[in-house]
Amino acid sequence: MDLNIIEKTMRVGPKKGQKMYGLARVSTPNVHSRTIAEQVSKASTFSEADTRHIIKEFLDVVTDYVADGYVVDMGELGTLRPTITAKSVDTRQECKADTITDKGIRYIARNEFAKDVKGMSLHILNPLKGSDSEPSTPDEGGGGNQGGGSQGGGDLVG
Amino acid sequence: MSDKILKWQAEQKKIFGQEKWVAKICYVGNRSLQEAIDEVATRTSAQQSEVEGIINAYLHQIKSYVMTGRSVNVDGMGTFYPNLSTKLVATPEEVSVQNCVKTITVGFRPATKLRQKVRDGKLWEYKGASNVHQQTEE
């Protein structure tokens with residue numbers, strides 16, 4: 001995975017106003033499931049339309065299972081399940097449906113997938129040492145890096 | 001109107017040292033990938049083994065793209081992406097993968113369609129387990 005060096009001015013806390021540096025994922029366009037369907041179709045005897053139909057049916061089945069309250073296994077990817085968020089109350093009688101404030105979806109990656117992702121190789125595109133390139137900032141759009149067009153798309157936990 | 005139902009039950013738990021009651025989801029059960037594949041096979045003219053091959057290849061491709069640092073947008077389900085958790089350092093010279101990257105996980109952002117499907121479902125209180133709990137308390 002390609003990373004860019006970013007510069008960030010702290011807005012709160014003891015380091016307020018101070019410039020800090022970190023890494024962010026180089027932003028690349030999302031891969032659409034249609035592209036993957038095309039690739040799968042080419043490797044099979046099925047037409048692209050048939051492959052897309054099978055995949056669409058699969059996604060409908062899986063999302064229906066989740067909405068029905070099942071924990072759904074997605075093979076190599078992991079599991080999907082519905083969740084609820086609720087307020088806590090003091091007594092059993094107060095614990096009613098209206099204490100449920102939201103419904104959501106939780107994804108848990110399969111162990112092997114999580115391990116593989118954790119071990120993936122990371123490349124800094126604009127390293128400072130041994131390079132003439134300046135560290136890029138999200139605002140500068142990654143000037144001087146080889147990847148080009150970086151907007152510092154990663155999550156920063158500072 | 002959606003015919004989807006999510007079951008929940010009241011559960012007693014300690015929150016900051018105080019006994020509280022909170023609604024907790026009751027899962028209907030587990031659905032394996034094979035069950036989903038079997039159901040897809042009944043909906044299409046393809047053989048079960050052919051459906052299995054296509055779905056496994058599809059899931060494998062999603063994983064492969066995420067492993068190369070790409071986000072994958074799955075229609076109607078959501079986006080799978082590598083989620084980088086980093087920390088900041090004081091000088092640009094200190095920036096390195098070892099110093100700045102805390103961990104990488106697989107993230108998932110559910111699609112609006114899936115979120116809506118789950119939100120549109122009705123809620124139904126499952127009283128069985130909580131009644132037993134109350135009885136034991138009494």
# chains A, B, ... in the order shown; residues from 1 in each chain; ligands from 1
$ select_by_dssp --residues "stretch 21-113 of chain B" --states "helix (DSSP H, G or I)" --output "ChimeraX atom specification"
/B:33-43,48-67,92-94,97-100,112-113
$ interface_residues --of "chain A" --to "chain B" --cutoff "6 Å" --atoms "only C-alpha atoms" --output "ChimeraX atom specification"
/A:1,20-22,30-33,57-58,67-75,86,88-90,92,103,117-118,156-158
$ atom_distance --atom1 "atom CA of A:Ile108" --atom2 "atom CA of A:Thr85"
17.3 Å
$ select_by_dssp --residues "stretch 6-91 of chain B" --states "strand (DSSP E)" --output "compact mmCIF listing (two decimals) with N, CA and C atoms, in the first residue's frame"
# COMPACT_ATOMS: atom_id res chain seq x y z
N LEU B 6 -36.23 -7.66 13.57
CA LEU B 6 -35.05 -7.88 14.42
C LEU B 6 -35.54 -8.15 15.83
N LYS B 7 -35.07 -9.25 16.39
CA LYS B 7 -35.49 -9.59 17.76
C LYS B 7 -34.51 -8.98 18.77
N TRP B 8 -35.06 -8.54 19.88
CA TRP B 8 -34.19 -8.03 20.94
C TRP B 8 -34.71 -8.50 22.29
N GLN B 9 -33.88 -8.44 23.28
CA GLN B 9 -34.33 -8.79 24.62
C GLN B 9 -33.64 -7.89 25.64
N ALA B 10 -34.31 -7.71 26.77
CA ALA B 10 -33.75 -6.88 27.83
C ALA B 10 -32.67 -7.69 28.56
N GLU B 11 -31.56 -7.04 28.80
CA GLU B 11 -30.46 -7.73 29.48
C GLU B 11 -29.94 -6.84 30.60
N GLN B 12 -29.69 -7.47 31.73
CA GLN B 12 -29.17 -6.71 32.87
C GLN B 12 -27.65 -6.75 32.83
N LYS B 13 -27.03 -5.58 32.94
CA LYS B 13 -25.56 -5.58 32.97
C LYS B 13 -25.04 -4.43 33.83
N LYS B 14 -23.83 -4.60 34.28
CA LYS B 14 -23.21 -3.58 35.12
C LYS B 14 -22.57 -2.52 34.24
N ILE B 15 -22.97 -1.26 34.43
CA ILE B 15 -22.36 -0.16 33.68
C ILE B 15 -21.81 0.83 34.70
N GLN B 18 -22.89 0.16 38.18
CA GLN B 18 -24.33 0.20 38.51
C GLN B 18 -25.09 -0.83 37.67
N GLU B 19 -26.07 -1.49 38.32
CA GLU B 19 -26.91 -2.45 37.60
C GLU B 19 -27.87 -1.70 36.68
N LYS B 20 -27.81 -1.97 35.38
CA LYS B 20 -28.69 -1.31 34.42
C LYS B 20 -29.35 -2.36 33.52
N TRP B 21 -30.40 -1.94 32.84
CA TRP B 21 -31.05 -2.79 31.84
C TRP B 21 -30.82 -2.17 30.48
N VAL B 22 -30.53 -3.02 29.52
CA VAL B 22 -30.28 -2.50 28.17
C VAL B 22 -30.79 -3.52 27.13
N ALA B 23 -31.34 -2.99 26.04
CA ALA B 23 -31.83 -3.88 24.97
C ALA B 23 -30.65 -4.47 24.21
N LYS B 24 -30.73 -5.77 23.98
CA LYS B 24 -29.64 -6.45 23.28
C LYS B 24 -30.23 -7.26 22.13
N ILE B 25 -29.55 -7.25 21.00
CA ILE B 25 -30.08 -7.97 19.83
C ILE B 25 -30.03 -9.49 20.03
N CYS B 26 -31.04 -10.19 19.53
CA CYS B 26 -31.03 -11.66 19.55
C CYS B 26 -30.84 -12.13 18.12
N GLY B 29 -29.70 -16.77 14.09
CA GLY B 29 -28.78 -17.90 13.92
C GLY B 29 -27.67 -17.49 12.97
N ASN B 30 -26.94 -18.48 12.49
CA ASN B 30 -25.85 -18.20 11.55
C ASN B 30 -26.26 -18.67 10.15
N ARG B 31 -25.78 -17.98 9.15
CA ARG B 31 -25.98 -18.41 7.77
C ARG B 31 -24.60 -18.59 7.16
N VAL B 72 -12.93 -1.30 -2.13
CA VAL B 72 -13.81 -1.99 -3.07
C VAL B 72 -15.26 -1.67 -2.74
N ASN B 73 -15.94 -1.12 -3.72
CA ASN B 73 -17.34 -0.75 -3.54
C ASN B 73 -18.23 -1.88 -4.04
N VAL B 74 -18.91 -2.55 -3.10
CA VAL B 74 -19.78 -3.66 -3.46
C VAL B 74 -21.22 -3.14 -3.52
N GLY B 78 -21.82 -2.37 0.50
CA GLY B 78 -20.95 -1.41 1.16
C GLY B 78 -19.55 -1.41 0.59
N THR B 79 -18.66 -0.75 1.30
CA THR B 79 -17.27 -0.62 0.83
C THR B 79 -16.31 -1.27 1.80
N PHE B 80 -15.47 -2.16 1.28
CA PHE B 80 -14.40 -2.77 2.07
C PHE B 80 -13.12 -1.98 1.79
N TYR B 81 -12.38 -1.65 2.83
CA TYR B 81 -11.16 -0.85 2.61
C TYR B 81 -10.11 -1.15 3.68
N PRO B 82 -8.82 -0.93 3.34
CA PRO B 82 -7.80 -1.08 4.37
C PRO B 82 -7.80 0.17 5.25
N ASN B 83 -7.93 -0.03 6.53
CA ASN B 83 -8.05 1.10 7.45
C ASN B 83 -6.74 1.28 8.22
N LEU B 84 -6.07 2.39 7.93
CA LEU B 84 -4.76 2.65 8.51
C LEU B 84 -4.90 3.49 9.76
N SER B 85 -4.38 3.00 10.86
CA SER B 85 -4.40 3.79 12.09
C SER B 85 -2.98 4.30 12.33
N THR B 86 -2.83 5.61 12.35
CA THR B 86 -1.47 6.17 12.44
C THR B 86 -1.34 7.13 13.61
$ residues_around --residues "A:Met10" --least-positions-apart "6" --cutoff "8 Å" --atoms "only C-alpha atoms" --output "list in words"
Lys16, Gly17, Gln18, Lys19 and Met20 of chain A
